[in-house]
Amino acid sequence: MLRVLAVDDEKPALGELLYLLRSDPRISSAEGATDATEALRRISRALDAGPDGEDGIDVVFLDIHMPGLTGLDVARLLARFTDPPLIVFVTAHEGFAVQAFDLKAVDYVLKPVRGERLAEAVRRAEELAGAARGPRTTRTAPAPQGRPPATAEHIAVELGGVTRFVPIEAIAYAEAQGDYARLHTDSGSHLVRIPLSTLEERWASRGFVRVHRSHLVALSRIDELRLDAGATSVRVGEVEIAVSRRHARQLRDLLMRHPRD
């Protein structure tokens with residue numbers, strides 16, 4: 001059973017969120033706060049009381065745009081504590097999802113809040129809070145029940161506050177973007193908070209090969225290998241991707257040993 005604090009400066013939105021949360025049988029208590037200062041005061045009291053105190057808070061459902069401190073500011077402050085409550089962002093704005101997950105948010109729910117979407121966020125929080133009971137450790141979001149984990153046949157991606165599961169076989173290539181990677185499929189692209197080097201290690205057995213410091217390509221999706229004035233590139237669908245010199249020989253050898261059907 002979860003103890004919840006919902007934070008939103010708009011009272012009608014807060015009232016609706018509290019109604020939905022209190023209707024969920026997995027939640028034992030749900031209280032509200034209308035600004036960041038009040039929220040931090042309550043959270044500080046809960047942390048002082050300890051996880052078993054009567055004022056304990058397991059999860060904070062947090063709006064982003066509020067007067068004074070924003071929800072992101074609150075999350076940054078809570079990150080400094082040894083054992084802060086879990087955070088679910090509830091917002092009308094899609095543009096802060098990357099920052100939210102950088103701050104270890106459990107979920108990112110878009111307004112207007114749908115009951116089934118909020119229920120999924122509660123399920124994630126409950127599962128994570130349960131895993132953290134006993135020895136208190138750093139929390140990372142679990143794979144949703146009934147779905148394949150990100151390291152198996154699918155990879156989880158966030159799109160507009162909704163978690164989707166993209167089959168790895170649908171990915172043609174991945175492109176490095178700092179500490180993130182953009183996954184390209186026939187139907188579009190998805191940004192994930194995983195370095196390209198990590199994907200290279202995970203997916204080597206699935207036929208992905210590094211062709212450049214910025215690109216990881218599925219061998220089965222290479223349509224053409226091009227040599228032009230000493231420069232090497234591959235064509236993946238309509239996209240041409242440069243191959244660095246250090247990866248060119250290995251790629252040619254792999255293509256010779258594993259030709260496309």
# chains A, B, ... in the order shown; residues from 1 in each chain; ligands from 1
call {"tool": "residues_around", "arguments": {"residues": "Pro85 of chain A", "least_positions_apart": "6", "cutoff": "7 Å", "atoms": "only C-alpha atoms", "output": "NGL selection string"}}
result
:A and (57-60)
call {"tool": "residues_around", "arguments": {"residues": "Val157 of chain A", "least_positions_apart": "3", "cutoff": "7 Å", "atoms": "only C-alpha atoms", "output": "list in words"}}
result
Thr163, Arg164, Phe165, His190 and Val192 of chain A
call {"tool": "write_last_selection", "arguments": {"atoms": "all heavy atoms", "output": "PDB file, in the first residue's frame"}}
result
ATOM      1  N   THR A 163       4.803   4.562 -22.220  1.00  0.00           N
ATOM      2  CA  THR A 163       5.880   3.619 -22.497  1.00  0.00           C
ATOM      3  C   THR A 163       5.463   2.683 -23.628  1.00  0.00           C
ATOM      4  O   THR A 163       4.411   2.058 -23.567  1.00  0.00           O
ATOM      5  CB  THR A 163       6.212   2.778 -21.259  1.00  0.00           C
ATOM      6  OG1 THR A 163       6.586   3.657 -20.195  1.00  0.00           O
ATOM      7  CG2 THR A 163       7.374   1.830 -21.547  1.00  0.00           C
ATOM      8  N   ARG A 164       6.302   2.622 -24.655  1.00  0.00           N
ATOM      9  CA  ARG A 164       6.052   1.709 -25.762  1.00  0.00           C
ATOM     10  C   ARG A 164       7.211   0.715 -25.834  1.00  0.00           C
ATOM     11  O   ARG A 164       8.314   1.005 -25.376  1.00  0.00           O
ATOM     12  CB  ARG A 164       5.915   2.479 -27.076  1.00  0.00           C
ATOM     13  CG  ARG A 164       4.798   3.512 -27.060  1.00  0.00           C
ATOM     14  CD  ARG A 164       4.624   4.168 -28.421  1.00  0.00           C
ATOM     15  NE  ARG A 164       3.672   5.260 -28.367  1.00  0.00           N
ATOM     16  CZ  ARG A 164       2.352   5.105 -28.403  1.00  0.00           C
ATOM     17  NH1 ARG A 164       1.855   3.890 -28.513  1.00  0.00           N
ATOM     18  NH2 ARG A 164       1.549   6.149 -28.343  1.00  0.00           N
ATOM     19  N   PHE A 165       6.949  -0.429 -26.451  1.00  0.00           N
ATOM     20  CA  PHE A 165       7.961  -1.481 -26.528  1.00  0.00           C
ATOM     21  C   PHE A 165       8.259  -1.763 -27.998  1.00  0.00           C
ATOM     22  O   PHE A 165       7.407  -2.272 -28.729  1.00  0.00           O
ATOM     23  CB  PHE A 165       7.497  -2.735 -25.780  1.00  0.00           C
ATOM     24  CG  PHE A 165       7.393  -2.488 -24.307  1.00  0.00           C
ATOM     25  CD1 PHE A 165       6.245  -1.935 -23.773  1.00  0.00           C
ATOM     26  CD2 PHE A 165       8.455  -2.744 -23.473  1.00  0.00           C
ATOM     27  CE1 PHE A 165       6.148  -1.670 -22.422  1.00  0.00           C
ATOM     28  CE2 PHE A 165       8.376  -2.484 -22.123  1.00  0.00           C
ATOM     29  CZ  PHE A 165       7.212  -1.942 -21.584  1.00  0.00           C
ATOM     30  N   HIS A 190      13.110   6.992 -32.014  1.00  0.00           N
ATOM     31  CA  HIS A 190      12.828   7.087 -30.589  1.00  0.00           C
ATOM     32  C   HIS A 190      14.128   7.403 -29.854  1.00  0.00           C
ATOM     33  O   HIS A 190      15.165   6.791 -30.135  1.00  0.00           O
ATOM     34  CB  HIS A 190      12.261   5.774 -30.052  1.00  0.00           C
ATOM     35  CG  HIS A 190      11.086   5.258 -30.832  1.00  0.00           C
ATOM     36  ND1 HIS A 190       9.802   5.708 -30.630  1.00  0.00           N
ATOM     37  CD2 HIS A 190      11.023   4.339 -31.837  1.00  0.00           C
ATOM     38  CE1 HIS A 190       8.988   5.072 -31.465  1.00  0.00           C
ATOM     39  NE2 HIS A 190       9.713   4.242 -32.202  1.00  0.00           N
ATOM     40  N   VAL A 192      16.286   7.215 -26.474  1.00  0.00           N
ATOM     41  CA  VAL A 192      16.373   6.459 -25.226  1.00  0.00           C
ATOM     42  C   VAL A 192      17.584   6.925 -24.431  1.00  0.00           C
ATOM     43  O   VAL A 192      18.586   7.343 -24.994  1.00  0.00           O
ATOM     44  CB  VAL A 192      16.474   4.933 -25.481  1.00  0.00           C
ATOM     45  CG1 VAL A 192      15.196   4.413 -26.107  1.00  0.00           C
ATOM     46  CG2 VAL A 192      17.671   4.593 -26.350  1.00  0.00           C
TER      47      VAL A 192
END
call {"tool": "residues_around", "arguments": {"residues": "Ala248 of chain A", "least_positions_apart": "3", "cutoff": "12 Å", "atoms": "only C-alpha atoms", "output": "list of chain:residue names"}}
result
A:Val209, A:Arg210, A:Val211, A:His212, A:Leu225, A:Arg226, A:Leu227, A:Gly230, A:Ala231, A:Thr232, A:Ser233, A:Val234, A:Ile241, A:Ala242, A:Val243, A:Ser244, A:Arg245, A:Leu251, A:Arg252, A:Asp253, A:Leu254, A:Leu255
call {"tool": "residues_around", "arguments": {"residues": "Ser29 of chain A", "least_positions_apart": "5", "cutoff": "9 Å", "atoms": "only C-alpha atoms", "output": "PyMOL selection string"}}
result
chain A and resi 1-5+21-22
call {"tool": "residues_around", "arguments": {"residues": "Glu38 of chain A", "least_positions_apart": "5", "cutoff": "9 Å", "atoms": "only C-alpha atoms", "output": "PyMOL selection string"}}
result
chain A and resi 7+33+43
call {"tool": "atom_distance", "arguments": {"atom1": "atom CA of Asp63 of chain A", "atom2": "atom CA of Pro84 of chain A"}}
result
17.1 Å
call {"tool": "closest_residue", "arguments": {"among": "A:Asp55, A:Asp48, A:Ala172, A:Thr70", "to": "Thr34 of chain A", "atoms": "only C-alpha atoms"}}
result
A:Thr70
call {"tool": "closest_residue", "arguments": {"among": "A:Asp83, A:Glu238, A:Glu169, A:Glu175", "to": "Ala218 of chain A", "atoms": "only C-alpha atoms"}}
result
A:Glu169
call {"tool": "residues_around", "arguments": {"residues": "Gly188 of chain A", "least_positions_apart": "2", "cutoff": "12 Å", "atoms": "only C-alpha atoms", "output": "PyMOL selection string"}}
result
chain A and resi 159+166+170-174+182-186+190-191
call {"tool": "select_by_dssp", "arguments": {"residues": "segment 9-244 of chain A", "states": "alpha helix (DSSP H)", "output": "PyMOL selection string"}}
result
chain A and resi 11-22+36-49+71-78+97-102+115-132+196-203
call {"tool": "write_last_selection", "arguments": {"atoms": "C-alpha atoms", "output": "PDB file, in the first residue's frame"}}
result
ATOM      1  CA  LYS A  11      -6.896  23.196  -7.328  1.00  0.00           C
ATOM      2  CA  PRO A  12      -9.350  21.604  -9.801  1.00  0.00           C
ATOM      3  CA  ALA A  13      -6.537  19.533 -11.319  1.00  0.00           C
ATOM      4  CA  LEU A  14      -5.298  18.590  -7.854  1.00  0.00           C
ATOM      5  CA  GLY A  15      -8.798  17.576  -6.780  1.00  0.00           C
ATOM      6  CA  GLU A  16      -9.256  15.367  -9.839  1.00  0.00           C
ATOM      7  CA  LEU A  17      -5.855  13.746  -9.344  1.00  0.00           C
ATOM      8  CA  LEU A  18      -6.563  13.050  -5.670  1.00  0.00           C
ATOM      9  CA  TYR A  19      -9.949  11.558  -6.556  1.00  0.00           C
ATOM     10  CA  LEU A  20      -8.346   9.137  -8.991  1.00  0.00           C
ATOM     11  CA  LEU A  21      -5.536   8.250  -6.596  1.00  0.00           C
ATOM     12  CA  ARG A  22      -7.885   7.630  -3.654  1.00  0.00           C
ATOM     13  CA  ALA A  36       6.396  23.384  -3.888  1.00  0.00           C
ATOM     14  CA  THR A  37       7.118  24.968  -0.500  1.00  0.00           C
ATOM     15  CA  GLU A  38       4.251  23.139   1.172  1.00  0.00           C
ATOM     16  CA  ALA A  39       5.254  19.909  -0.578  1.00  0.00           C
ATOM     17  CA  LEU A  40       8.868  20.161   0.578  1.00  0.00           C
ATOM     18  CA  ARG A  41       7.733  20.858   4.131  1.00  0.00           C
ATOM     19  CA  ARG A  42       5.597  17.718   4.163  1.00  0.00           C
ATOM     20  CA  ILE A  43       8.276  15.597   2.545  1.00  0.00           C
ATOM     21  CA  SER A  44      10.898  16.841   5.004  1.00  0.00           C
ATOM     22  CA  ARG A  45       8.599  15.895   7.880  1.00  0.00           C
ATOM     23  CA  ALA A  46       8.082  12.468   6.354  1.00  0.00           C
ATOM     24  CA  LEU A  47      11.811  11.895   5.927  1.00  0.00           C
ATOM     25  CA  ASP A  48      12.465  12.971   9.514  1.00  0.00           C
ATOM     26  CA  ALA A  49       9.851  10.478  10.723  1.00  0.00           C
ATOM     27  CA  GLY A  71       8.435  20.345 -10.112  1.00  0.00           C
ATOM     28  CA  LEU A  72      11.858  19.746 -11.655  1.00  0.00           C
ATOM     29  CA  ASP A  73      13.406  21.970  -8.959  1.00  0.00           C
ATOM     30  CA  VAL A  74      11.663  19.917  -6.280  1.00  0.00           C
ATOM     31  CA  ALA A  75      12.939  16.692  -7.813  1.00  0.00           C
ATOM     32  CA  ARG A  76      16.509  18.032  -7.885  1.00  0.00           C
ATOM     33  CA  LEU A  77      16.270  18.959  -4.207  1.00  0.00           C
ATOM     34  CA  LEU A  78      14.882  15.544  -3.273  1.00  0.00           C
ATOM     35  CA  ALA A  97      10.311  14.110 -20.394  1.00  0.00           C
ATOM     36  CA  VAL A  98      14.064  13.751 -20.915  1.00  0.00           C
ATOM     37  CA  GLN A  99      14.839  15.969 -17.900  1.00  0.00           C
ATOM     38  CA  ALA A 100      12.274  14.085 -15.840  1.00  0.00           C
ATOM     39  CA  PHE A 101      13.829  10.686 -16.497  1.00  0.00           C
ATOM     40  CA  ASP A 102      17.299  12.140 -15.915  1.00  0.00           C
ATOM     41  CA  GLY A 115      -7.568   6.722 -15.166  1.00  0.00           C
ATOM     42  CA  GLU A 116      -5.901   3.759 -16.888  1.00  0.00           C
ATOM     43  CA  ARG A 117      -2.706   5.727 -17.526  1.00  0.00           C
ATOM     44  CA  LEU A 118      -2.529   6.825 -13.889  1.00  0.00           C
ATOM     45  CA  ALA A 119      -3.158   3.236 -12.799  1.00  0.00           C
ATOM     46  CA  GLU A 120      -0.099   2.163 -14.810  1.00  0.00           C
ATOM     47  CA  ALA A 121       2.010   4.813 -13.037  1.00  0.00           C
ATOM     48  CA  VAL A 122       0.734   3.585  -9.658  1.00  0.00           C
ATOM     49  CA  ARG A 123       1.585   0.009 -10.616  1.00  0.00           C
ATOM     50  CA  ARG A 124       5.127   1.010 -11.501  1.00  0.00           C
ATOM     51  CA  ALA A 125       5.535   2.935  -8.259  1.00  0.00           C
ATOM     52  CA  GLU A 126       4.111   0.085  -6.183  1.00  0.00           C
ATOM     53  CA  GLU A 127       6.445  -2.417  -7.808  1.00  0.00           C
ATOM     54  CA  LEU A 128       9.440  -0.170  -7.304  1.00  0.00           C
ATOM     55  CA  ALA A 129       8.569   0.714  -3.725  1.00  0.00           C
ATOM     56  CA  GLY A 130       8.151  -2.977  -2.945  1.00  0.00           C
ATOM     57  CA  ALA A 131      11.548  -3.778  -4.416  1.00  0.00           C
ATOM     58  CA  ALA A 132      13.124  -1.051  -2.298  1.00  0.00           C
ATOM     59  CA  LEU A 196      25.443   3.852 -27.802  1.00  0.00           C
ATOM     60  CA  SER A 197      28.340   1.890 -26.282  1.00  0.00           C
ATOM     61  CA  THR A 198      25.880   0.085 -23.988  1.00  0.00           C
ATOM     62  CA  LEU A 199      23.619  -0.827 -26.894  1.00  0.00           C
ATOM     63  CA  GLU A 200      26.664  -2.051 -28.838  1.00  0.00           C
ATOM     64  CA  GLU A 201      27.525  -4.430 -26.021  1.00  0.00           C
ATOM     65  CA  ARG A 202      23.943  -5.629 -25.504  1.00  0.00           C
ATOM     66  CA  TRP A 203      23.103  -6.120 -29.163  1.00  0.00           C
TER      67      TRP A 203
END
call {"tool": "select_by_dssp", "arguments": {"residues": "segment 14-163 of chain A", "states": "strand (DSSP E or B)", "output": "PyMOL selection string"}}
result
chain A and resi 27-33+59-62+86-91+107-110+154-159+162-163
call {"tool": "write_last_selection", "arguments": {"atoms": "N, CA and C atoms", "output": "short mmCIF file (atom, residue, chain, number, x, y, z; two decimals), in the first residue's frame"}}
result
data_model
loop_
_atom_site.label_atom_id
_atom_site.label_comp_id
_atom_site.auth_asym_id
_atom_site.auth_seq_id
_atom_site.Cartn_x
_atom_site.Cartn_y
_atom_site.Cartn_z
N ILE A 27 -3.45 2.31 -2.96
CA ILE A 27 -3.03 3.53 -2.26
C ILE A 27 -3.76 3.62 -0.93
N SER A 28 -2.99 3.68 0.15
CA SER A 28 -3.58 3.73 1.49
C SER A 28 -3.95 5.15 1.89
N SER A 29 -3.20 6.14 1.40
CA SER A 29 -3.52 7.54 1.71
C SER A 29 -3.00 8.43 0.60
N ALA A 30 -3.75 9.49 0.32
CA ALA A 30 -3.35 10.45 -0.71
C ALA A 30 -3.69 11.85 -0.22
N GLU A 31 -2.67 12.66 -0.01
CA GLU A 31 -2.86 14.03 0.44
C GLU A 31 -2.39 14.98 -0.65
N GLY A 32 -2.82 16.23 -0.57
CA GLY A 32 -2.49 17.20 -1.60
C GLY A 32 -1.73 18.40 -1.08
N ALA A 33 -0.97 19.03 -1.96
CA ALA A 33 -0.27 20.29 -1.68
C ALA A 33 -0.38 21.16 -2.91
N VAL A 59 5.40 8.03 -2.54
CA VAL A 59 5.42 8.54 -3.91
C VAL A 59 4.88 9.97 -3.94
N VAL A 60 5.54 10.83 -4.72
CA VAL A 60 5.05 12.19 -4.95
C VAL A 60 4.62 12.29 -6.41
N PHE A 61 3.34 12.63 -6.64
CA PHE A 61 2.83 12.92 -7.98
C PHE A 61 2.93 14.43 -8.18
N LEU A 62 3.80 14.83 -9.07
CA LEU A 62 4.32 16.19 -9.06
C LEU A 62 4.07 16.91 -10.39
N LEU A 86 9.65 8.23 -4.22
CA LEU A 86 9.60 8.10 -5.66
C LEU A 86 8.84 9.30 -6.26
N ILE A 87 9.11 9.60 -7.51
CA ILE A 87 8.48 10.74 -8.16
C ILE A 87 7.81 10.30 -9.46
N VAL A 88 6.56 10.71 -9.61
CA VAL A 88 5.83 10.58 -10.87
C VAL A 88 5.46 12.00 -11.29
N PHE A 89 5.90 12.43 -12.45
CA PHE A 89 5.53 13.76 -12.94
C PHE A 89 4.17 13.68 -13.63
N VAL A 90 3.33 14.66 -13.34
CA VAL A 90 2.02 14.77 -13.95
C VAL A 90 1.93 16.18 -14.53
N THR A 91 1.91 16.30 -15.84
CA THR A 91 2.07 17.60 -16.46
C THR A 91 1.34 17.68 -17.79
N ASP A 107 7.70 7.72 -13.65
CA ASP A 107 6.82 7.82 -14.81
C ASP A 107 6.57 9.28 -15.13
N TYR A 108 5.98 9.50 -16.30
CA TYR A 108 5.72 10.86 -16.80
C TYR A 108 4.33 10.81 -17.44
N VAL A 109 3.34 11.32 -16.71
CA VAL A 109 1.94 11.21 -17.11
C VAL A 109 1.47 12.56 -17.63
N LEU A 110 0.85 12.54 -18.81
CA LEU A 110 0.37 13.78 -19.41
C LEU A 110 -1.07 14.08 -19.01
N HIS A 154 12.66 -6.73 -26.87
CA HIS A 154 12.15 -5.40 -27.09
C HIS A 154 12.97 -4.39 -26.28
N ILE A 155 12.81 -3.13 -26.61
CA ILE A 155 13.39 -2.07 -25.81
C ILE A 155 12.29 -1.07 -25.48
N ALA A 156 12.25 -0.63 -24.24
CA ALA A 156 11.22 0.32 -23.80
C ALA A 156 11.61 1.73 -24.20
N VAL A 157 10.67 2.46 -24.78
CA VAL A 157 10.89 3.86 -25.14
C VAL A 157 9.72 4.67 -24.59
N GLU A 158 9.99 5.94 -24.26
CA GLU A 158 8.95 6.84 -23.76
C GLU A 158 8.53 7.78 -24.86
N LEU A 159 7.22 7.91 -25.06
CA LEU A 159 6.70 8.80 -26.08
C LEU A 159 5.45 9.47 -25.53
N VAL A 162 3.92 7.94 -22.45
CA VAL A 162 3.48 6.55 -22.59
C VAL A 162 4.68 5.68 -22.91
N THR A 163 4.80 4.56 -22.22
CA THR A 163 5.88 3.62 -22.50
C THR A 163 5.46 2.68 -23.63
#
call {"tool": "atom_distance", "arguments": {"atom1": "atom CA of Arg206 of chain A", "atom2": "atom CA of Val106 of chain A"}}
result
28.8 Å
call {"tool": "atom_distance", "arguments": {"atom1": "atom CA of Gln250 of chain A", "atom2": "atom CA of Ala176 of chain A"}}
result
20.0 Å
